[in-house]
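Report on the following structure.
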Amino acid sequence: MSEQTQEKSTDESANGSPKPTSPNADLKLDFASFWEYSEAPESSDHVEITERYDHFINGDFVKPAKGRYMKSVNPATEEVFTEFAEGTSEDVDSAVRAARRAYEKKWSRLSGKERGKYLFRLARMIQERSRELAITESMDGGKPIRESRDVDVPLAAAHFFYYAGWADKLNYAFPGRTPEPVGVCGQIIPWNFPLLMLAWKIAPALATGNTVVLKPAETTPVTALKFAEICLDAGLPDGVVNIITGAGLTGAEIVNHPDVDKIAFTGSTEVGKIIQRSLAGSEKKYTLELGGKGPNIVFEDAPIDQAVEGIVNAIFFNQGHVCCAGSRLLVQEGVAGRLITKLKERMETLIVGNPLDKNTDIGAINSKSQYDRINNYLEIGVNEGAEIYQSSNTIPEKGFFCRPTLFTGVSQSNRIVQEEIFGPVLTIQTFRTPDEAVEKANNTPYGLASGIWTDKGSKIFKIGRQVRSGVIWSNTFNKFDPTSPFGGYKESGIGSEGGLHGLHPYVKLK
Ligand code: ADP
């Protein structure tokens, strides 16, 4: 129900004489039970998933040296999706050697124009296989097909297109300097945007003449291995891209390999700190894109209905598995009651369920361990004295699903306010003055992304300057573009990815 409609009906009942203006005026719009959506699942039978995937080293699929495999589970069904190789030091070493050979003999010697052609080809081939990639992403990781189809895959292609454009223009990117590639890059990515994070890492590395050894996360390895097939189909020279699968130990082998020149990591702050410690004193360059606890600040003069949509997008997009999620709502006192009521109404309409269903708004939690972690935080919140509200939507019995949740009555020192939950869980605090909003916004160890909702442009600029975040969205949230740099303050990381800034970590400037 729109704000206008609601306010009008309140006025009418206030003067005691409700006058229906249309035949449906008496109809109470109860969206939760009024709209019954028929199931609309995306068919997956044309997508080929093999029973087992090997590493991709030097242009070939190669069995793991120790012969061990791990399982990837479809979090919506709890069934094994596929098996994939567990990388050991031997596997990482062969991949690094292949990357070094490709770097020295081929890739760093190609002209930027030629490298660009390969990148354009990779971008187009991602587009050609977009449906397959989107379905695979949703089955392997649990995200709604609407998101993998409309966000993850198109943005992954867009990153390749964007950095393809830079490949032959690097001298213009760094006027007066001569950029040279760094060498072999070790890249470790998380499970929340598997293919997209691969694109963020591989596209700028290749455009600048580096070769890579990339490790996808252990719960979502499949789109990276499909990307390996794309590299083969694109005729990319052997060894330019190598994909090693496995868990944290495999990642550590890449970080600690002596012949890797640069590490790019996206993941938790906890692991980021371990990596930073291991790299201290080495000559390896590194970028770390870590956690967040983004404040989403709504002022009294904000358009409330739009803000509600923005809040929903900020915290429930991708089940809240988003490092830049707006997981802390800060709302000005005067509108808090009205906004929370509207937010709860909106949460009732969100469909939690089958990730492959095109109606689904919130898919499955990525893994059992993440599901347990979120539930643990829900308990912590309740034990801390906060008031929990969860939508009443039905959720599937099987699979790892979590209802959209919010906590009110929280204080700044609560763990659920300070720590990254990485799930569909929002904490709500109020504020009276802009200064109080800024103070609360900045009072966590993180500084990745924020939202500001207000009708006043001047307020956006003033508050935007005071909030310590790498990204600030105003009157919107979660907008991504390959031309725009992304990175954080404080414990949210070091270095930027995306845009012109995203080229820097992959070059030495002479
Ligand atoms: P999360 O806690 O959200 O699962 P992680 O930071 O643990 O995220 O994982 C992100 C990526 O880092 C994954 O690919 C994971 O396998 C890898 N990883 C985990 N531990 C280490 C480590 N000690 N060194 C290098 N990579 C690691």
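Each chain of the structure tokens is named A, B, ... in the order shown, its residues numbered from 1; ligands are numbered from 1 in display order.
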_So that I can see what lies close to region 266-274 of chain A, please list as a ChimeraX atom specification the residues with an atom at most 8 Å from it, counting only C-alpha atoms and leaving out residues fewer than 5 positions away in the same chain._
/A:188-190,197,288-291,491-493
Keeping C-alpha atoms, export the residues of the selection given above as an mmCIF file, in the first residue's frame.
data_model
loop_
_atom_site.group_PDB
_atom_site.id
_atom_site.type_symbol
_atom_site.label_atom_id
_atom_site.label_comp_id
_atom_site.auth_asym_id
_atom_site.auth_seq_id
_atom_site.Cartn_x
_atom_site.Cartn_y
_atom_site.Cartn_z
ATOM 1 C CA ILE A 188 41.501 -16.124 -3.658
ATOM 2 C CA ILE A 189 37.809 -15.467 -3.857
ATOM 3 C CA PRO A 190 34.755 -15.985 -1.627
ATOM 4 C CA MET A 197 34.570 -11.996 -7.927
ATOM 5 C CA LEU A 288 42.464 -7.320 0.621
ATOM 6 C CA GLU A 289 38.741 -6.789 0.234
ATOM 7 C CA LEU A 290 37.264 -7.784 3.580
ATOM 8 C CA GLY A 291 34.161 -7.541 5.715
ATOM 9 C CA GLU A 491 39.203 -3.482 8.829
ATOM 10 C CA SER A 492 37.305 -3.582 5.550
ATOM 11 C CA GLY A 493 40.499 -3.907 3.585
#
*asked:* Please list as a ChimeraX atom specification every residue within 7 Å of region 473-477 of chain A, counting only C-alpha atoms and excluding residues in the same chain fewer than 2 positions away.
replied: /A:310,313-314,450-454,460,471,479
Keeping N, CA and C atoms, export the residues of the selection given above as a PDB file, in the first residue's frame.
ATOM      1  N   GLY A 310      14.974   0.468  -0.556  1.00  0.00           N
ATOM      2  CA  GLY A 310      16.441   0.492  -0.480  1.00  0.00           C
ATOM      3  C   GLY A 310      16.961  -0.339   0.681  1.00  0.00           C
ATOM      4  N   ASN A 313      16.659  -3.973  -0.275  1.00  0.00           N
ATOM      5  CA  ASN A 313      17.730  -4.328  -1.207  1.00  0.00           C
ATOM      6  C   ASN A 313      19.075  -4.396  -0.485  1.00  0.00           C
ATOM      7  N   ALA A 314      19.281  -3.454   0.430  1.00  0.00           N
ATOM      8  CA  ALA A 314      20.586  -3.365   1.098  1.00  0.00           C
ATOM      9  C   ALA A 314      20.881  -4.585   1.960  1.00  0.00           C
ATOM     10  N   SER A 450      28.127   2.495   2.769  1.00  0.00           N
ATOM     11  CA  SER A 450      27.057   3.133   3.544  1.00  0.00           C
ATOM     12  C   SER A 450      25.983   3.626   2.602  1.00  0.00           C
ATOM     13  N   GLY A 451      24.811   3.867   3.163  1.00  0.00           N
ATOM     14  CA  GLY A 451      23.735   4.490   2.400  1.00  0.00           C
ATOM     15  C   GLY A 451      23.245   5.718   3.146  1.00  0.00           C
ATOM     16  N   ILE A 452      22.865   6.753   2.383  1.00  0.00           N
ATOM     17  CA  ILE A 452      22.298   7.961   3.001  1.00  0.00           C
ATOM     18  C   ILE A 452      20.992   8.268   2.267  1.00  0.00           C
ATOM     19  N   TRP A 453      19.927   8.384   3.023  1.00  0.00           N
ATOM     20  CA  TRP A 453      18.615   8.656   2.428  1.00  0.00           C
ATOM     21  C   TRP A 453      18.114   9.997   2.928  1.00  0.00           C
ATOM     22  N   THR A 454      17.997  10.959   2.046  1.00  0.00           N
ATOM     23  CA  THR A 454      17.485  12.282   2.393  1.00  0.00           C
ATOM     24  C   THR A 454      17.077  12.995   1.119  1.00  0.00           C
ATOM     25  N   ILE A 460      23.491  15.134   1.833  1.00  0.00           N
ATOM     26  CA  ILE A 460      24.196  13.965   1.287  1.00  0.00           C
ATOM     27  C   ILE A 460      25.696  14.242   1.256  1.00  0.00           C
ATOM     28  N   VAL A 471      32.636   3.205  -0.032  1.00  0.00           N
ATOM     29  CA  VAL A 471      31.537   3.448  -0.983  1.00  0.00           C
ATOM     30  C   VAL A 471      30.392   4.094  -0.221  1.00  0.00           C
ATOM     31  N   LYS A 479      24.538  -0.517  -5.842  1.00  0.00           N
ATOM     32  CA  LYS A 479      24.697  -0.253  -7.277  1.00  0.00           C
ATOM     33  C   LYS A 479      26.162  -0.509  -7.630  1.00  0.00           C
TER      34      LYS A 479
END
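Nearest to ligand 1 of all the residues A:Cys323, A:Ala164, A:Ile202, A:Val212 is A:Cys323, based on only C-alpha atoms and all ligand atoms.
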*For each of A:Gly353, A:Pro41, A:Pro505, A:Gly423, take the minimum atom-to-atom distance to ligand 1, counting only C-alpha atoms and all ligand atoms, then give the residue where this is smallest.*
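Ranking A:Gly353, A:Pro41, A:Pro505, A:Gly423 by distance to ligand 1, first place goes to A:Gly423.
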*So which residues of region 62-125 of chain A fall under strand (DSSP E) by DSSP, listed as number ranges by chain?*
A: 62, 69-74, 79-85
Preceding selection exported with N, CA and C atoms as a tab-separated table (two decimals), in the first residue's frame:
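Ended up saving to again_20.tsv:
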chain	number	residue	atom	x	y	z
A	62	VAL	N	43.43	-31.25	-14.77
A	62	VAL	CA	44.47	-32.12	-14.22
A	62	VAL	C	44.02	-32.69	-12.88
A	69	TYR	N	39.34	-35.47	-3.27
A	69	TYR	CA	38.26	-34.61	-3.77
A	69	TYR	C	37.40	-34.14	-2.61
A	70	MET	N	36.76	-33.00	-2.81
A	70	MET	CA	35.83	-32.48	-1.80
A	70	MET	C	34.45	-32.41	-2.45
A	71	LYS	N	33.43	-32.20	-1.63
A	71	LYS	CA	32.07	-32.17	-2.17
A	71	LYS	C	31.48	-30.75	-2.09
A	72	SER	N	30.76	-30.39	-3.14
A	72	SER	CA	30.02	-29.14	-3.07
A	72	SER	C	28.53	-29.51	-2.98
A	73	VAL	N	27.85	-28.88	-2.03
A	73	VAL	CA	26.45	-29.23	-1.75
A	73	VAL	C	25.53	-28.13	-2.28
A	74	ASN	N	24.42	-28.52	-2.87
A	74	ASN	CA	23.40	-27.54	-3.24
A	74	ASN	C	22.66	-27.15	-1.96
A	79	GLU	N	21.65	-31.69	-1.18
A	79	GLU	CA	22.22	-32.83	-1.91
A	79	GLU	C	23.57	-32.44	-2.49
A	80	VAL	N	24.44	-33.46	-2.68
A	80	VAL	CA	25.76	-33.17	-3.26
A	80	VAL	C	25.56	-32.70	-4.69
A	81	PHE	N	26.15	-31.56	-5.01
A	81	PHE	CA	26.02	-30.99	-6.35
A	81	PHE	C	27.09	-31.58	-7.26
A	82	THR	N	28.32	-31.60	-6.77
A	82	THR	CA	29.41	-32.20	-7.53
A	82	THR	C	30.62	-32.40	-6.60
A	83	GLU	N	31.66	-33.02	-7.14
A	83	GLU	CA	32.92	-33.13	-6.39
A	83	GLU	C	33.98	-32.31	-7.11
A	84	PHE	N	34.94	-31.85	-6.36
A	84	PHE	CA	36.01	-31.07	-6.99
A	84	PHE	C	37.32	-31.38	-6.29
A	85	ALA	N	38.41	-31.15	-7.01
A	85	ALA	CA	39.74	-31.54	-6.53
A	85	ALA	C	40.15	-30.71	-5.31
_Just list as an NGL selection string whatever in region 305-414 of chain A DSSP marks as helix (DSSP H, G or I)._
:A and (305-320 or 333-348 or 368-383)
Once you have the residues from the selection above, write them out as a compact mmCIF listing (two decimals), in the first residue's frame, restricted to N, CA and C atoms.
# COMPACT_ATOMS: atom_id res chain seq x y z
N ASP A 305 8.91 5.49 1.28
CA ASP A 305 8.66 4.24 0.53
C ASP A 305 9.88 3.80 -0.26
N GLN A 306 10.57 4.78 -0.86
CA GLN A 306 11.79 4.41 -1.58
C GLN A 306 12.85 3.88 -0.62
N ALA A 307 12.93 4.53 0.54
CA ALA A 307 13.93 4.09 1.53
C ALA A 307 13.65 2.65 1.94
N VAL A 308 12.36 2.30 2.11
CA VAL A 308 12.03 0.92 2.50
C VAL A 308 12.54 -0.05 1.42
N GLU A 309 12.31 0.30 0.17
CA GLU A 309 12.82 -0.57 -0.91
C GLU A 309 14.34 -0.67 -0.84
N GLY A 310 14.97 0.47 -0.56
CA GLY A 310 16.44 0.49 -0.48
C GLY A 310 16.96 -0.34 0.68
N ILE A 311 16.24 -0.29 1.79
CA ILE A 311 16.67 -1.07 2.97
C ILE A 311 16.55 -2.56 2.66
N VAL A 312 15.45 -2.93 2.01
CA VAL A 312 15.23 -4.34 1.64
C VAL A 312 16.35 -4.80 0.72
N ASN A 313 16.66 -3.97 -0.28
CA ASN A 313 17.73 -4.33 -1.21
C ASN A 313 19.08 -4.40 -0.49
N ALA A 314 19.28 -3.45 0.43
CA ALA A 314 20.59 -3.37 1.10
C ALA A 314 20.88 -4.59 1.96
N ILE A 315 19.87 -5.16 2.60
CA ILE A 315 20.16 -6.25 3.54
C ILE A 315 19.69 -7.62 3.05
N PHE A 316 18.68 -7.66 2.18
CA PHE A 316 18.18 -8.98 1.81
C PHE A 316 18.68 -9.46 0.45
N PHE A 317 19.32 -8.59 -0.32
CA PHE A 317 19.93 -8.99 -1.59
C PHE A 317 20.95 -10.10 -1.31
N ASN A 318 20.88 -11.17 -2.08
CA ASN A 318 21.82 -12.29 -1.92
C ASN A 318 21.86 -12.83 -0.49
N GLN A 319 20.65 -12.89 0.13
CA GLN A 319 20.52 -13.43 1.51
C GLN A 319 21.37 -12.65 2.52
N GLY A 320 21.77 -11.45 2.15
CA GLY A 320 22.64 -10.68 3.05
C GLY A 320 24.08 -11.15 3.03
N GLU A 333 14.58 9.56 14.52
CA GLU A 333 13.52 9.18 15.45
C GLU A 333 12.10 9.48 14.94
N GLY A 334 11.93 10.65 14.35
CA GLY A 334 10.59 11.08 13.96
C GLY A 334 9.89 10.15 12.97
N VAL A 335 10.66 9.43 12.17
CA VAL A 335 10.02 8.56 11.18
C VAL A 335 10.22 7.07 11.49
N ALA A 336 10.87 6.81 12.61
CA ALA A 336 11.24 5.41 12.88
C ALA A 336 10.02 4.49 12.94
N GLY A 337 8.98 4.90 13.69
CA GLY A 337 7.82 4.03 13.87
C GLY A 337 7.18 3.71 12.53
N ARG A 338 6.96 4.77 11.74
CA ARG A 338 6.29 4.58 10.45
C ARG A 338 7.13 3.71 9.52
N LEU A 339 8.43 3.99 9.52
CA LEU A 339 9.31 3.24 8.62
C LEU A 339 9.38 1.76 9.00
N ILE A 340 9.47 1.49 10.29
CA ILE A 340 9.59 0.09 10.73
C ILE A 340 8.29 -0.67 10.40
N THR A 341 7.15 0.00 10.57
CA THR A 341 5.88 -0.66 10.22
C THR A 341 5.86 -1.01 8.74
N LYS A 342 6.26 -0.06 7.92
CA LYS A 342 6.26 -0.31 6.48
C LYS A 342 7.27 -1.40 6.10
N LEU A 343 8.41 -1.37 6.78
CA LEU A 343 9.43 -2.36 6.48
C LEU A 343 8.93 -3.77 6.81
N LYS A 344 8.25 -3.89 7.95
CA LYS A 344 7.72 -5.20 8.33
C LYS A 344 6.68 -5.66 7.31
N GLU A 345 5.83 -4.73 6.88
CA GLU A 345 4.83 -5.09 5.86
C GLU A 345 5.51 -5.59 4.58
N ARG A 346 6.58 -4.88 4.22
CA ARG A 346 7.28 -5.25 2.98
C ARG A 346 7.97 -6.61 3.13
N MET A 347 8.51 -6.85 4.34
CA MET A 347 9.18 -8.14 4.56
C MET A 347 8.23 -9.32 4.40
N GLU A 348 6.94 -9.07 4.74
CA GLU A 348 5.95 -10.15 4.59
C GLU A 348 5.79 -10.57 3.13
N LYS A 368 25.84 -25.05 5.24
CA LYS A 368 25.39 -25.40 6.59
C LYS A 368 26.15 -24.57 7.62
N SER A 369 27.46 -24.39 7.39
CA SER A 369 28.23 -23.68 8.42
C SER A 369 27.78 -22.21 8.50
N GLN A 370 27.45 -21.61 7.35
CA GLN A 370 26.99 -20.22 7.40
C GLN A 370 25.60 -20.15 8.03
N TYR A 371 24.78 -21.15 7.75
CA TYR A 371 23.43 -21.23 8.33
C TYR A 371 23.54 -21.30 9.86
N ASP A 372 24.46 -22.14 10.34
CA ASP A 372 24.65 -22.25 11.80
C ASP A 372 25.15 -20.94 12.39
N ARG A 373 26.05 -20.31 11.65
CA ARG A 373 26.62 -19.05 12.13
C ARG A 373 25.52 -17.98 12.27
N ILE A 374 24.64 -17.91 11.27
CA ILE A 374 23.56 -16.91 11.32
C ILE A 374 22.63 -17.22 12.49
N ASN A 375 22.26 -18.48 12.62
CA ASN A 375 21.37 -18.85 13.73
C ASN A 375 22.01 -18.57 15.08
N ASN A 376 23.31 -18.75 15.15
CA ASN A 376 24.01 -18.44 16.38
C ASN A 376 23.89 -16.94 16.70
N TYR A 377 24.04 -16.10 15.65
CA TYR A 377 23.89 -14.66 15.87
C TYR A 377 22.46 -14.29 16.28
N LEU A 378 21.48 -15.01 15.74
CA LEU A 378 20.09 -14.72 16.13
C LEU A 378 19.93 -14.97 17.64
N GLU A 379 20.56 -16.05 18.10
CA GLU A 379 20.50 -16.34 19.54
C GLU A 379 21.25 -15.28 20.34
N ILE A 380 22.40 -14.90 19.83
CA ILE A 380 23.19 -13.86 20.53
C ILE A 380 22.34 -12.59 20.67
N GLY A 381 21.69 -12.21 19.57
CA GLY A 381 20.86 -10.99 19.58
C GLY A 381 19.79 -11.06 20.65
N VAL A 382 19.09 -12.19 20.69
CA VAL A 382 18.02 -12.34 21.68
C VAL A 382 18.61 -12.31 23.09
N ASN A 383 19.73 -12.99 23.27
CA ASN A 383 20.36 -12.99 24.60
C ASN A 383 20.88 -11.62 25.00
_Can you pull out the residues contacting region 106-120 of chain A? Cut-off 10 Å, using only C-alpha atoms, and skip same-chain residues under 4 positions away; I want them as a count of residues only._
42
*To one decimal place, how far is CA of Asn256 (chain A) from CA of Lys293 (chain A) in Å?*
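Between these atoms lies a distance of 29.3 Å.
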*asked:* Quick check, in Å to one decimal: how far apart do CA of Asn58 (chain A) and CA of Ala95 (chain A) lie?
replied: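 A separation of 6.9 Å between them.
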*Cys185 (chain A) environment, 9 Å, only C-alpha atoms, sequence neighbours closer than 5 positions dropped, as number ranges by chain*: A: 96, 99, 205, 210-214, 260-264, 506
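Remark: for ligand 1, the closest of the candidate residues A:Ile135, A:Leu122, A:Ala252, A:Ile243 is A:Ala252 (distances computed over only C-alpha atoms and all ligand atoms).
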_CA of Trp191 (chain A) to CA of Leu279 (chain A), straight-line distance in Å_ = 23.0 Å
*Near Asp60 (chain A), within 10 Å and counting only C-alpha atoms, which residues show up once chain neighbours fewer than 4 positions away are dropped, as a list in words?*
Asp54, His55, Phe56, Ala228, Glu229, Leu232, Asp238, Gly239 and Asn242 of chain A
Keeping only C-alpha atoms, write the selected residues to a file as a PDB file, in the first residue's frame.
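Written output follows (selection38.pdb):
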ATOM      1  CA  ASP A  54      39.697 -31.420 -11.664  1.00  0.00           C
ATOM      2  CA  HIS A  55      42.089 -28.499 -11.383  1.00  0.00           C
ATOM      3  CA  PHE A  56      42.702 -26.376 -14.474  1.00  0.00           C
ATOM      4  CA  ALA A 228      38.162 -22.552 -17.329  1.00  0.00           C
ATOM      5  CA  GLU A 229      36.227 -24.208 -20.175  1.00  0.00           C
ATOM      6  CA  LEU A 232      39.935 -23.151 -23.496  1.00  0.00           C
ATOM      7  CA  ASP A 238      47.994 -22.231 -21.814  1.00  0.00           C
ATOM      8  CA  GLY A 239      48.902 -21.223 -18.275  1.00  0.00           C
ATOM      9  CA  ASN A 242      44.964 -21.555 -13.769  1.00  0.00           C
TER      10      ASN A 242
END
*asked:* Need the shell around region 442-446 of chain A: protein/DNA/RNA residues with any atom at most 8 Å away, counting only C-alpha atoms. Skip same-chain ones fewer than 3 positions apart. Format as a list in words?
replied: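 My list of contacting residues is Gly291, Gly292, Lys293, Gly294, Gln412, Gln418, Val438, Glu439, Val467, Arg468, Gly488, Tyr489, Lys490, Glu491 and Ser492 of chain A.
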Based on the selection just made, write C-alpha atoms of those residues as a compact mmCIF listing (two decimals), in the first residue's frame.
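Contents of selection_37.txt, as written:
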# COMPACT_ATOMS: atom_id res chain seq x y z
CA GLY A 291 34.16 -7.54 5.72
CA GLY A 292 31.70 -4.78 6.44
CA LYS A 293 28.88 -3.70 8.69
CA GLY A 294 27.39 -0.99 6.51
CA GLN A 412 25.87 0.22 19.75
CA GLN A 418 29.38 -4.64 15.76
CA VAL A 438 27.60 9.91 11.87
CA GLU A 439 28.96 8.84 15.22
CA VAL A 467 31.06 8.80 7.13
CA ARG A 468 34.20 6.70 6.80
CA GLY A 488 37.25 -0.11 2.28
CA TYR A 489 38.53 1.82 5.28
CA LYS A 490 39.73 0.27 8.53
CA GLU A 491 39.20 -3.48 8.83
CA SER A 492 37.30 -3.58 5.55
*asked:* Excluding region 355-357 of chain A and its own-chain neighbours fewer than 3 positions away, which residues fall within 10 Å of it when counting only C-alpha atoms? Please give them as a PyMOL selection string.
replied: chain A and resi 38-44+75-76+134-139+141-148+351-352+360-364
Store the residues of this selection in a file with N, CA and C atoms, as a compact mmCIF listing (two decimals), in the first residue's frame.
# COMPACT_ATOMS: atom_id res chain seq x y z
N SER A 38 2.29 -18.56 -8.83
CA SER A 38 2.53 -19.93 -9.27
C SER A 38 4.02 -20.12 -9.35
N GLU A 39 4.45 -21.35 -9.18
CA GLU A 39 5.89 -21.61 -9.28
C GLU A 39 6.39 -21.31 -10.68
N ALA A 40 7.58 -20.75 -10.78
CA ALA A 40 8.15 -20.45 -12.10
C ALA A 40 9.62 -20.83 -12.11
N PRO A 41 9.90 -22.13 -11.94
CA PRO A 41 11.32 -22.52 -11.85
C PRO A 41 12.02 -22.48 -13.20
N GLU A 42 13.24 -22.02 -13.16
CA GLU A 42 14.09 -22.04 -14.36
C GLU A 42 14.49 -23.51 -14.57
N SER A 43 14.39 -23.97 -15.81
CA SER A 43 14.76 -25.36 -16.05
C SER A 43 16.28 -25.52 -16.03
N SER A 44 16.73 -26.59 -15.42
CA SER A 44 18.18 -26.76 -15.32
C SER A 44 18.65 -27.99 -16.09
N PRO A 75 22.80 -25.91 -1.50
CA PRO A 75 22.26 -25.56 -0.18
C PRO A 75 20.74 -25.53 -0.14
N ALA A 76 20.10 -25.53 -1.32
CA ALA A 76 18.63 -25.51 -1.32
C ALA A 76 18.06 -26.91 -1.17
N ALA A 134 24.34 -18.72 -14.90
CA ALA A 134 23.43 -18.23 -13.86
C ALA A 134 22.80 -19.41 -13.12
N ILE A 135 22.37 -20.40 -13.86
CA ILE A 135 21.73 -21.56 -13.21
C ILE A 135 22.75 -22.29 -12.34
N THR A 136 23.95 -22.45 -12.85
CA THR A 136 25.00 -23.13 -12.08
C THR A 136 25.27 -22.37 -10.78
N GLU A 137 25.36 -21.06 -10.88
CA GLU A 137 25.64 -20.24 -9.70
C GLU A 137 24.55 -20.42 -8.65
N SER A 138 23.30 -20.43 -9.11
CA SER A 138 22.18 -20.55 -8.17
C SER A 138 22.14 -21.94 -7.53
N MET A 139 22.49 -22.97 -8.30
CA MET A 139 22.45 -24.32 -7.74
C MET A 139 23.62 -24.58 -6.80
N GLY A 141 25.40 -22.24 -5.16
CA GLY A 141 25.54 -21.31 -4.03
C GLY A 141 24.26 -20.87 -3.36
N GLY A 142 23.09 -21.13 -3.99
CA GLY A 142 21.82 -20.81 -3.34
C GLY A 142 21.22 -19.46 -3.67
N LYS A 143 21.89 -18.66 -4.52
CA LYS A 143 21.33 -17.32 -4.73
C LYS A 143 20.15 -17.37 -5.72
N PRO A 144 19.17 -16.46 -5.58
CA PRO A 144 18.02 -16.47 -6.47
C PRO A 144 18.44 -16.31 -7.93
N ILE A 145 17.77 -17.04 -8.79
CA ILE A 145 18.12 -17.00 -10.21
C ILE A 145 17.99 -15.58 -10.77
N ARG A 146 17.03 -14.83 -10.25
CA ARG A 146 16.86 -13.45 -10.75
C ARG A 146 18.14 -12.65 -10.53
N GLU A 147 18.81 -12.92 -9.40
CA GLU A 147 20.04 -12.17 -9.11
C GLU A 147 21.21 -12.70 -9.93
N SER A 148 21.37 -14.02 -10.00
CA SER A 148 22.51 -14.51 -10.78
C SER A 148 22.33 -14.17 -12.26
N ILE A 351 9.54 -13.44 -0.91
CA ILE A 351 9.39 -14.88 -1.07
C ILE A 351 10.74 -15.55 -0.80
N VAL A 352 10.74 -16.43 0.20
CA VAL A 352 11.96 -17.17 0.54
C VAL A 352 11.79 -18.58 0.00
N THR A 360 11.46 -16.03 -6.58
CA THR A 360 12.15 -16.01 -5.28
C THR A 360 12.94 -14.73 -5.05
N ASP A 361 12.74 -14.15 -3.87
CA ASP A 361 13.50 -12.95 -3.49
C ASP A 361 14.71 -13.33 -2.65
N ILE A 362 14.54 -14.30 -1.77
CA ILE A 362 15.63 -14.70 -0.87
C ILE A 362 15.84 -16.20 -1.05
N GLY A 363 17.02 -16.57 -1.49
CA GLY A 363 17.31 -17.98 -1.76
C GLY A 363 17.83 -18.70 -0.53
N ALA A 364 18.70 -19.67 -0.77
CA ALA A 364 19.20 -20.48 0.34
C ALA A 364 20.48 -19.86 0.91
*Return the single residue from A:His321, A:Lys105, A:Arg121, A:Arg131 that is closest to ligand 1, with distances computed using only C-alpha atoms and all ligand atoms.*
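Closest to ligand 1 of all the choices is A:His321.
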*Using only C-alpha atoms and all ligand atoms, which of the listed residues (A:Pro396, A:Pro482, A:Gly59, A:Pro194) sits closest to ligand 1?*
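Checking each of A:Pro396, A:Pro482, A:Gly59, A:Pro194 against ligand 1, counting only C-alpha atoms and all ligand atoms, the winner is A:Pro194.
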